[in-house]
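Here is the file target.txt (compact mmCIF, C-alpha atoms (C1' of nucleotides)).
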```txt
# COMPACT_ATOMS: atom_id res chain seq x y z
CA MET A 119 2.51 30.22 -1.61
CA SER A 120 4.82 28.03 0.33
CA PRO A 121 5.60 25.09 -1.85
CA LYS A 122 6.14 22.99 1.23
CA ALA A 123 6.42 20.00 -1.01
CA PHE A 124 9.42 19.69 -3.24
CA LEU A 125 9.09 19.05 -6.89
CA GLY A 126 10.19 15.67 -8.03
CA GLU A 127 13.00 15.31 -10.50
CA PHE A 128 10.69 14.48 -13.32
CA GLU A 129 8.16 17.17 -12.48
CA GLN A 130 10.94 19.67 -12.62
CA MET A 131 11.97 18.49 -16.05
CA VAL A 132 8.43 18.69 -17.36
CA LEU A 133 8.08 22.24 -16.13
CA LEU A 134 11.40 23.19 -17.64
CA ALA A 135 10.56 21.58 -20.95
CA ILE A 136 7.32 23.51 -21.24
CA LEU A 137 9.16 26.74 -20.58
CA GLN A 138 11.68 25.85 -23.24
CA HIS A 139 8.91 26.04 -25.77
CA GLY A 140 7.95 29.54 -24.86
CA GLU A 141 4.52 30.58 -23.71
CA THR A 142 2.82 27.30 -24.39
CA ALA A 143 3.71 23.89 -25.61
CA PHE A 144 1.93 20.85 -26.94
CA ALA A 145 2.22 17.77 -24.84
CA LEU A 146 4.18 15.75 -27.31
CA GLU A 147 6.61 18.54 -28.01
CA VAL A 148 7.31 18.66 -24.33
CA ARG A 149 7.80 14.95 -24.16
CA ARG A 150 10.22 15.03 -27.03
CA GLU A 151 12.11 17.90 -25.49
CA ILE A 152 12.65 15.86 -22.36
CA GLU A 153 13.72 12.79 -24.24
CA ARG A 154 16.20 14.81 -26.19
CA SER A 155 17.68 16.65 -23.24
CA ALA A 156 17.68 13.87 -20.70
CA ASP A 157 18.63 11.35 -23.30
CA ARG A 158 16.12 8.75 -22.27
CA SER A 159 12.68 7.60 -23.23
CA VAL A 160 9.61 8.89 -21.49
CA SER A 161 6.53 6.72 -21.53
CA ARG A 162 3.16 8.30 -22.19
CA GLY A 163 1.95 7.04 -18.86
CA ALA A 164 4.72 8.64 -16.86
CA PHE A 165 4.34 11.82 -18.78
CA TYR A 166 0.61 12.39 -18.60
CA THR A 167 0.39 11.27 -15.02
CA THR A 168 2.96 13.83 -14.04
CA LEU A 169 1.28 16.51 -16.06
CA ASP A 170 -1.96 15.69 -14.33
CA ARG A 171 -0.47 15.99 -10.88
CA LEU A 172 1.23 19.21 -11.79
CA GLU A 173 -2.09 20.60 -12.91
CA LYS A 174 -3.80 19.46 -9.74
CA LYS A 175 -1.19 21.37 -7.78
CA GLY A 176 -1.78 24.43 -9.87
CA LEU A 177 1.72 24.53 -11.30
CA VAL A 178 0.66 24.17 -14.91
CA GLU A 179 -2.52 24.89 -16.81
CA TRP A 180 -3.67 24.09 -20.28
CA THR A 181 -6.18 24.87 -22.96
CA GLU A 182 -7.28 22.80 -25.88
CA ALA A 183 -5.89 23.70 -29.21
CA GLU A 184 -8.45 24.97 -31.66
CA ALA A 185 -9.34 22.72 -34.52
CA GLY A 186 -7.64 24.88 -37.06
CA GLU A 187 -4.39 25.29 -35.25
CA HIS A 188 -3.38 21.75 -35.78
CA ARG A 189 -4.45 18.75 -37.71
CA ARG A 190 -6.27 17.25 -34.77
CA ALA A 191 -9.84 18.14 -33.96
CA GLY A 192 -10.03 18.89 -30.28
CA SER A 193 -7.61 16.64 -28.57
CA LEU A 194 -4.37 18.54 -28.35
CA ARG A 195 -3.56 20.19 -25.09
CA CYS A 196 -1.55 23.34 -24.94
CA PHE A 197 0.34 23.67 -21.67
CA SER A 198 1.78 26.62 -19.85
CA VAL A 199 3.50 27.01 -16.52
CA THR A 200 1.76 29.16 -13.94
CA ARG A 201 3.39 31.75 -11.73
CA GLU A 202 3.32 29.25 -8.93
CA GLY A 203 4.93 26.70 -11.14
CA ILE A 204 7.82 29.01 -11.81
CA ALA A 205 8.10 29.85 -8.13
CA ALA A 206 8.20 26.18 -7.21
CA LEU A 207 10.83 25.58 -9.84
CA ARG A 208 13.02 28.33 -8.48
CA GLU A 209 12.56 27.15 -4.95
CA SER A 210 13.60 23.61 -5.82
CA ARG A 211 16.59 24.77 -7.77
CA ARG A 212 17.77 27.16 -5.14
CA ALA A 213 18.29 24.42 -2.57
CA VAL A 214 20.26 22.25 -4.94
CA GLU A 215 22.34 25.14 -6.15
CA THR A 216 23.18 26.18 -2.63
CA LEU A 217 24.34 22.69 -1.83
CA SER A 218 26.31 22.48 -5.07
CA ARG A 219 28.25 25.61 -4.37
CA GLY A 220 31.95 25.00 -4.46
CA LEU A 221 31.59 21.52 -5.83
CA ASP A 222 32.19 22.30 -9.48
CA ASP A 223 35.56 20.71 -9.03
CA VAL A 224 34.16 17.42 -7.83
CA LEU A 225 31.24 17.39 -10.18
CA GLY A 226 33.58 17.81 -13.06
CA GLY A 227 32.41 21.06 -14.54
CA VAL A 228 28.99 19.96 -15.59
CA ARG A 229 28.61 23.19 -17.42
CA GLY A 230 31.06 25.75 -18.48
CA MET B 45 27.01 0.99 -15.16
CA SER B 46 24.20 3.02 -16.48
CA PRO B 47 22.36 4.61 -13.61
CA LYS B 48 19.14 4.39 -15.59
CA ALA B 49 17.24 5.39 -12.49
CA PHE B 50 17.12 9.05 -11.62
CA LEU B 51 18.17 10.28 -8.28
CA GLY B 52 15.40 11.78 -6.27
CA GLU B 53 15.53 15.37 -5.22
CA PHE B 54 16.33 14.49 -1.67
CA GLU B 55 18.87 11.85 -2.56
CA GLN B 56 20.65 14.42 -4.62
CA MET B 57 20.75 16.83 -1.71
CA VAL B 58 22.11 14.21 0.64
CA LEU B 59 24.88 13.35 -1.78
CA LEU B 60 25.72 17.00 -2.26
CA ALA B 61 25.72 17.67 1.47
CA ILE B 62 28.18 14.87 2.12
CA LEU B 63 30.48 16.23 -0.56
CA GLN B 64 30.28 19.65 1.00
CA HIS B 65 31.96 18.25 4.05
CA GLY B 66 34.95 16.98 2.17
CA GLU B 67 36.04 13.38 2.11
CA THR B 68 33.69 12.16 4.76
CA ALA B 69 30.94 13.52 6.90
CA PHE B 70 29.08 12.54 10.00
CA ALA B 71 25.43 11.89 9.56
CA LEU B 72 24.25 14.73 11.69
CA GLU B 73 26.56 17.22 10.06
CA VAL B 74 25.07 16.24 6.76
CA ARG B 75 21.59 16.57 8.07
CA ARG B 76 22.33 20.00 9.41
CA GLU B 77 23.93 21.04 6.14
CA ILE B 78 20.75 20.16 4.30
CA GLU B 79 18.55 21.94 6.76
CA ARG B 80 20.64 25.04 6.47
CA SER B 81 20.83 25.05 2.69
CA ALA B 82 17.33 23.94 1.85
CA ASP B 83 15.89 25.91 4.71
CA ARG B 84 13.62 23.19 5.97
CA SER B 85 13.68 20.54 8.62
CA VAL B 86 14.73 17.02 7.88
CA SER B 87 13.41 14.28 10.09
CA ARG B 88 15.73 11.54 11.21
CA GLY B 89 13.53 9.00 9.52
CA ALA B 90 13.62 10.65 6.14
CA PHE B 91 17.30 11.17 6.42
CA TYR B 92 18.46 7.73 7.46
CA THR B 93 16.05 5.97 5.14
CA THR B 94 17.47 7.85 2.21
CA LEU B 95 21.01 7.21 3.33
CA ASP B 96 20.19 3.54 3.56
CA ARG B 97 18.80 3.38 0.05
CA LEU B 98 21.74 5.29 -1.28
CA GLU B 99 24.05 2.79 0.31
CA LYS B 100 22.10 -0.13 -1.08
CA LYS B 101 22.56 1.37 -4.53
CA GLY B 102 26.25 1.74 -3.93
CA LEU B 103 26.24 5.51 -4.19
CA VAL B 104 27.54 6.13 -0.69
CA GLU B 105 29.51 4.08 1.79
CA TRP B 106 30.40 4.56 5.41
CA THR B 107 32.59 3.46 8.24
CA GLU B 108 32.11 3.77 11.94
CA ALA B 109 33.99 6.45 13.68
CA GLU B 110 36.56 5.14 16.13
CA ALA B 111 35.82 5.55 19.79
CA GLY B 112 38.48 8.15 20.31
CA GLU B 113 37.57 10.34 17.41
CA HIS B 114 34.40 11.50 18.92
CA ARG B 115 32.63 11.48 22.21
CA ARG B 116 30.41 8.60 21.17
CA ALA B 117 31.51 5.01 21.63
CA GLY B 118 30.84 3.25 18.38
CA SER B 119 27.72 4.71 16.96
CA LEU B 120 28.74 7.52 14.66
CA ARG B 121 28.74 6.80 10.98
CA CYS B 122 31.16 8.49 8.69
CA PHE B 123 29.83 8.78 5.15
CA SER B 124 31.49 9.25 1.82
CA VAL B 125 30.20 9.37 -1.73
CA THR B 126 31.43 6.66 -4.08
CA ARG B 127 32.57 7.13 -7.65
CA GLU B 128 29.23 5.88 -8.82
CA GLY B 129 27.53 8.32 -6.53
CA ILE B 130 29.33 11.20 -8.14
CA ALA B 131 28.57 9.86 -11.58
CA ALA B 132 24.89 9.55 -10.77
CA LEU B 133 24.89 13.07 -9.42
CA ARG B 134 26.44 14.45 -12.57
CA GLU B 135 24.06 12.51 -14.73
CA SER B 136 21.03 13.83 -12.91
CA ARG B 137 22.27 17.37 -12.96
CA ARG B 138 23.16 17.31 -16.60
CA ALA B 139 19.60 16.64 -17.70
CA VAL B 140 18.18 19.42 -15.61
CA GLU B 141 20.82 21.85 -16.69
CA THR B 142 20.27 21.07 -20.31
CA LEU B 143 16.60 21.77 -19.91
CA SER B 144 17.31 24.93 -17.98
CA ARG B 145 19.52 26.38 -20.64
CA GLY B 146 18.30 29.74 -21.79
CA LEU B 147 15.78 30.03 -19.02
CA ASP B 148 17.82 32.14 -16.64
CA ASP B 149 15.60 34.99 -17.60
CA VAL B 150 12.44 33.24 -16.55
CA LEU B 151 13.90 31.53 -13.54
CA GLY B 152 15.51 34.71 -12.41
CA GLY B 153 18.71 32.93 -11.55
CA VAL B 154 19.76 32.73 -7.94
CA ARG B 155 18.94 36.29 -7.36
CA GLY B 156 20.87 37.39 -4.32
C1' DC C 115 19.75 3.89 39.99
C1' DC C 116 16.60 6.97 37.33
C1' DG C 117 15.64 10.59 34.14
C1' DT C 118 17.17 13.25 30.20
C1' DA C 119 19.36 13.95 25.79
C1' DG C 120 21.60 12.55 21.44
C1' DC C 121 22.23 9.11 17.69
C1' DG C 122 20.85 5.43 14.86
C1' DT C 123 17.20 1.81 13.37
C1' DC C 124 12.69 0.27 12.05
C1' DT C 125 8.01 0.33 10.34
C1' DA C 126 4.27 2.43 8.09
C1' DC C 127 2.38 5.54 4.95
C1' DA C 128 2.16 9.60 1.41
C1' DT C 129 3.91 11.24 -2.83
C1' DT C 130 6.20 10.76 -7.10
C1' DG C 131 7.87 7.85 -11.12
C1' DT C 132 6.88 4.28 -14.65
C1' DA C 133 4.62 0.99 -17.59
C1' DG C 134 0.98 -0.94 -19.91
C1' DT C 135 -3.47 -0.87 -21.76
C1' DC C 136 -7.84 1.24 -23.57
C1' DA C 137 -10.57 4.51 -26.32
C1' DG C 138 -11.47 8.22 -29.73
C1' DA C 139 -9.99 10.80 -33.94
C1' DC C 140 -7.66 11.27 -38.21
C1' DT C 141 -5.46 8.93 -42.47
C1' DA C 142 -5.01 5.56 -46.09
C1' DG C 143 -6.50 1.95 -49.04
C1' DA C 144 -9.98 -0.95 -51.13
C1' DT D 205 -18.38 3.57 -46.97
C1' DC D 206 -15.81 0.13 -44.32
C1' DT D 207 -11.49 -1.63 -42.29
C1' DA D 208 -6.85 -1.21 -40.76
C1' DG D 209 -3.17 1.63 -38.98
C1' DT D 210 -1.35 5.43 -36.32
C1' DC D 211 -1.44 9.13 -33.06
C1' DT D 212 -3.01 11.51 -28.83
C1' DG D 213 -4.84 11.43 -24.41
C1' DA D 214 -6.85 8.93 -20.16
C1' DC D 215 -6.93 5.27 -16.67
C1' DT D 216 -5.15 1.72 -13.60
C1' DA D 217 -1.74 -0.62 -11.12
C1' DC D 218 2.64 -0.95 -9.17
C1' DA D 219 7.62 0.40 -7.96
C1' DA D 220 10.59 3.85 -6.03
C1' DT D 221 11.30 7.80 -3.32
C1' DG D 222 10.04 11.09 0.55
C1' DT D 223 8.43 11.65 5.30
C1' DA D 224 7.07 10.95 10.03
C1' DG D 225 7.05 8.87 14.30
C1' DA D 226 8.20 5.39 17.62
C1' DC D 227 11.80 2.51 19.72
C1' DG D 228 16.31 1.21 21.64
C1' DC D 229 20.93 2.10 22.97
C1' DT D 230 24.76 4.90 24.87
C1' DA D 231 26.40 8.82 27.45
C1' DC D 232 25.56 12.29 31.12
C1' DG D 233 23.71 14.42 35.47
C1' DG D 234 21.22 14.02 39.76
```

Rewrite the structure from the file as structure tokens, please.
Amino acid sequence: MSPKAFLGEFEQMVLLAILQHGETAFALEVRREIERSADRSVSRGAFYTTLDRLEKKGLVEWTEAEAGEHRRAGSLRCFSVTREGIAALRESRRAVETLSRGLDDVLGGVRG
Amino acid sequence: MSPKAFLGEFEQMVLLAILQHGETAFALEVRREIERSADRSVSRGAFYTTLDRLEKKGLVEWTEAEAGEHRRAGSLRCFSVTREGIAALRESRRAVETLSRGLDDVLGGVRG
DNA sequence: CCGTAGCGTCTACATTGTAGTCAGACTAGA
DNA sequence: TCTAGTCTGACTACAATGTAGACGCTACGG
């Protein structure tokens, strides 16, 4: 699938955050992961809207958590990134990485 | 100044492309750099609009190339990224990198 | 001079990002 | 049980970013 459309910055972070939690992740865990890593607050609106769009594009999918798995009855969504989601993520990152090549000096060693 | 607003994907690429060309870069060189690296076409409209917004935010600045420097009279713009531009770039990248940590396996790295 | 080509500007519109508000479900206290 | 409080998820509206195309100007060739 040609992800002709690039992922937005935030979409990328959401995808990444879900992956951080392994196979699947509960919405709020994902939100917290982003807030922690990006060091900024994420409103519910921004978050769910993005998740919704990502699902519409087939990059993520979700199932409802069973009643027993959690304290909630049937309202928790368990997300996972699809193959296409991972592909899109890689595609987006590749472009940025290519352009960043050789700029570690300027960018001040963001990582080690 | 806290760049509380994230850089868009494309804005980030533009900034990176300018840096790739050293101190300054001509608009079209930048555009070509992006097309080459991201492997997609960039319309003039998308490009200049982004450059304009970046300038309005103080992340890039430019001067006109002197008549003698190039074959054009006074129409070539020479861009450079400001300190704030670099800071914004680092800030944006940091969040994504933090979220990407440990996912090289899944993302398959930049497999050559 | 006219036609062509390259560079930069402008306007309009699609997509993505953000905030705020509303509703349903569980918990606690009386 | 009823009422209040909190948490999760959905919806709506709006701002910011991404994209395309048209337009005008300057240089070049006929």

Please identify all polymer residues lying at most 9 Å from the point (-7.0, 14.1, -23.0) (file coordinates), using all atoms listed in the file, and present the result as a compact mmCIF listing (two decimals) with C-alpha atoms (C1' of nucleotides), in the coordinates of the input.
```txt
# COMPACT_ATOMS: atom_id res chain seq x y z
CA TYR A 166 0.61 12.39 -18.60
CA SER A 193 -7.61 16.64 -28.57
CA LEU A 194 -4.37 18.54 -28.35
CA ARG A 195 -3.56 20.19 -25.09
C1' DT D 212 -3.01 11.51 -28.83
C1' DG D 213 -4.84 11.43 -24.41
C1' DA D 214 -6.85 8.93 -20.16
```

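Closest approach to chain B among A:Arg150, A:Lys175, A:Phe128, A:Gly163: A:Phe128, based on all atoms listed in the file.
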
Margin query: Neighbouring residues of DA226 in chain D were defined as those with any atom within 10 Å, considering all atoms listed in the file; residues of the same chain fewer than 2 positions away were excluded. Please report them as a VMD selection string.
Written below: (chain C and resid 124 to 125) or (chain D and resid 224 228)

Margin query: Set the distance at 12 Å and use all atoms listed in the file: which residues neighbour DG209 in chain D once local chain neighbours fewer than 6 positions away are removed? I'd like the list as a ChimeraX atom specification.
Written below: /C:140-143

Next item on the list: Take CA of Ser198 in chain A and CA of Thr142 in chain A and report the distance between them in Å, one decimal.
Entry: 4.7 Å

Because the input lacks atoms here, generate N, CA and C atoms for range 129-151 of chain A and report them as a CSV table (one decimal), in the coordinates of the input.
```
chain,number,residue,atom,x,y,z
A,129,GLU,N,9.1,16.0,-12.4
A,129,GLU,CA,8.2,17.2,-12.5
A,129,GLU,C,8.9,18.4,-12.9
A,130,GLN,N,10.1,18.5,-12.3
A,130,GLN,CA,10.9,19.7,-12.6
A,130,GLN,C,11.3,19.7,-14.1
A,131,MET,N,11.6,18.6,-14.6
A,131,MET,CA,12.0,18.5,-16.0
A,131,MET,C,10.8,18.8,-16.9
A,132,VAL,N,9.6,18.4,-16.6
A,132,VAL,CA,8.4,18.7,-17.4
A,132,VAL,C,8.2,20.2,-17.4
A,133,LEU,N,8.3,20.8,-16.2
A,133,LEU,CA,8.1,22.2,-16.1
A,133,LEU,C,9.1,23.0,-17.0
A,134,LEU,N,10.3,22.6,-16.9
A,134,LEU,CA,11.4,23.2,-17.6
A,134,LEU,C,11.2,23.0,-19.1
A,135,ALA,N,10.8,21.8,-19.5
A,135,ALA,CA,10.6,21.6,-21.0
A,135,ALA,C,9.4,22.4,-21.5
A,136,ILE,N,8.4,22.7,-20.8
A,136,ILE,CA,7.3,23.5,-21.2
A,136,ILE,C,7.9,24.9,-21.4
A,137,LEU,N,8.6,25.4,-20.5
A,137,LEU,CA,9.2,26.7,-20.6
A,137,LEU,C,10.1,26.9,-21.8
A,138,GLN,N,10.8,25.8,-22.1
A,138,GLN,CA,11.7,25.8,-23.2
A,138,GLN,C,10.9,26.2,-24.5
A,139,HIS,N,9.7,25.8,-24.6
A,139,HIS,CA,8.9,26.0,-25.8
A,139,HIS,C,8.2,27.4,-25.8
A,140,GLY,N,8.6,28.2,-24.9
A,140,GLY,CA,8.0,29.5,-24.9
A,140,GLY,C,6.7,29.6,-24.0
A,141,GLU,N,5.8,30.4,-24.5
A,141,GLU,CA,4.5,30.6,-23.7
A,141,GLU,C,3.8,29.3,-23.4
A,142,THR,N,3.6,28.6,-24.5
A,142,THR,CA,2.8,27.3,-24.4
A,142,THR,C,3.5,26.2,-25.2
A,143,ALA,N,3.1,25.0,-24.9
A,143,ALA,CA,3.7,23.9,-25.6
A,143,ALA,C,2.7,22.7,-25.7
A,144,PHE,N,2.8,22.0,-26.8
A,144,PHE,CA,1.9,20.8,-26.9
A,144,PHE,C,2.6,19.7,-26.2
A,145,ALA,N,1.8,18.9,-25.6
A,145,ALA,CA,2.2,17.8,-24.8
A,145,ALA,C,3.4,17.0,-25.5
A,146,LEU,N,3.2,16.6,-26.7
A,146,LEU,CA,4.2,15.8,-27.3
A,146,LEU,C,5.5,16.5,-27.6
A,147,GLU,N,5.4,17.8,-27.8
A,147,GLU,CA,6.6,18.5,-28.0
A,147,GLU,C,7.4,18.5,-26.7
A,148,VAL,N,6.7,18.7,-25.6
A,148,VAL,CA,7.3,18.7,-24.3
A,148,VAL,C,8.0,17.3,-24.1
A,149,ARG,N,7.3,16.3,-24.4
A,149,ARG,CA,7.8,15.0,-24.2
A,149,ARG,C,9.1,14.7,-25.0
A,150,ARG,N,9.0,15.2,-26.2
A,150,ARG,CA,10.2,15.0,-27.0
A,150,ARG,C,11.4,15.9,-26.5
A,151,GLU,N,11.1,17.0,-26.0
A,151,GLU,CA,12.1,17.9,-25.5
A,151,GLU,C,12.8,17.2,-24.3
```
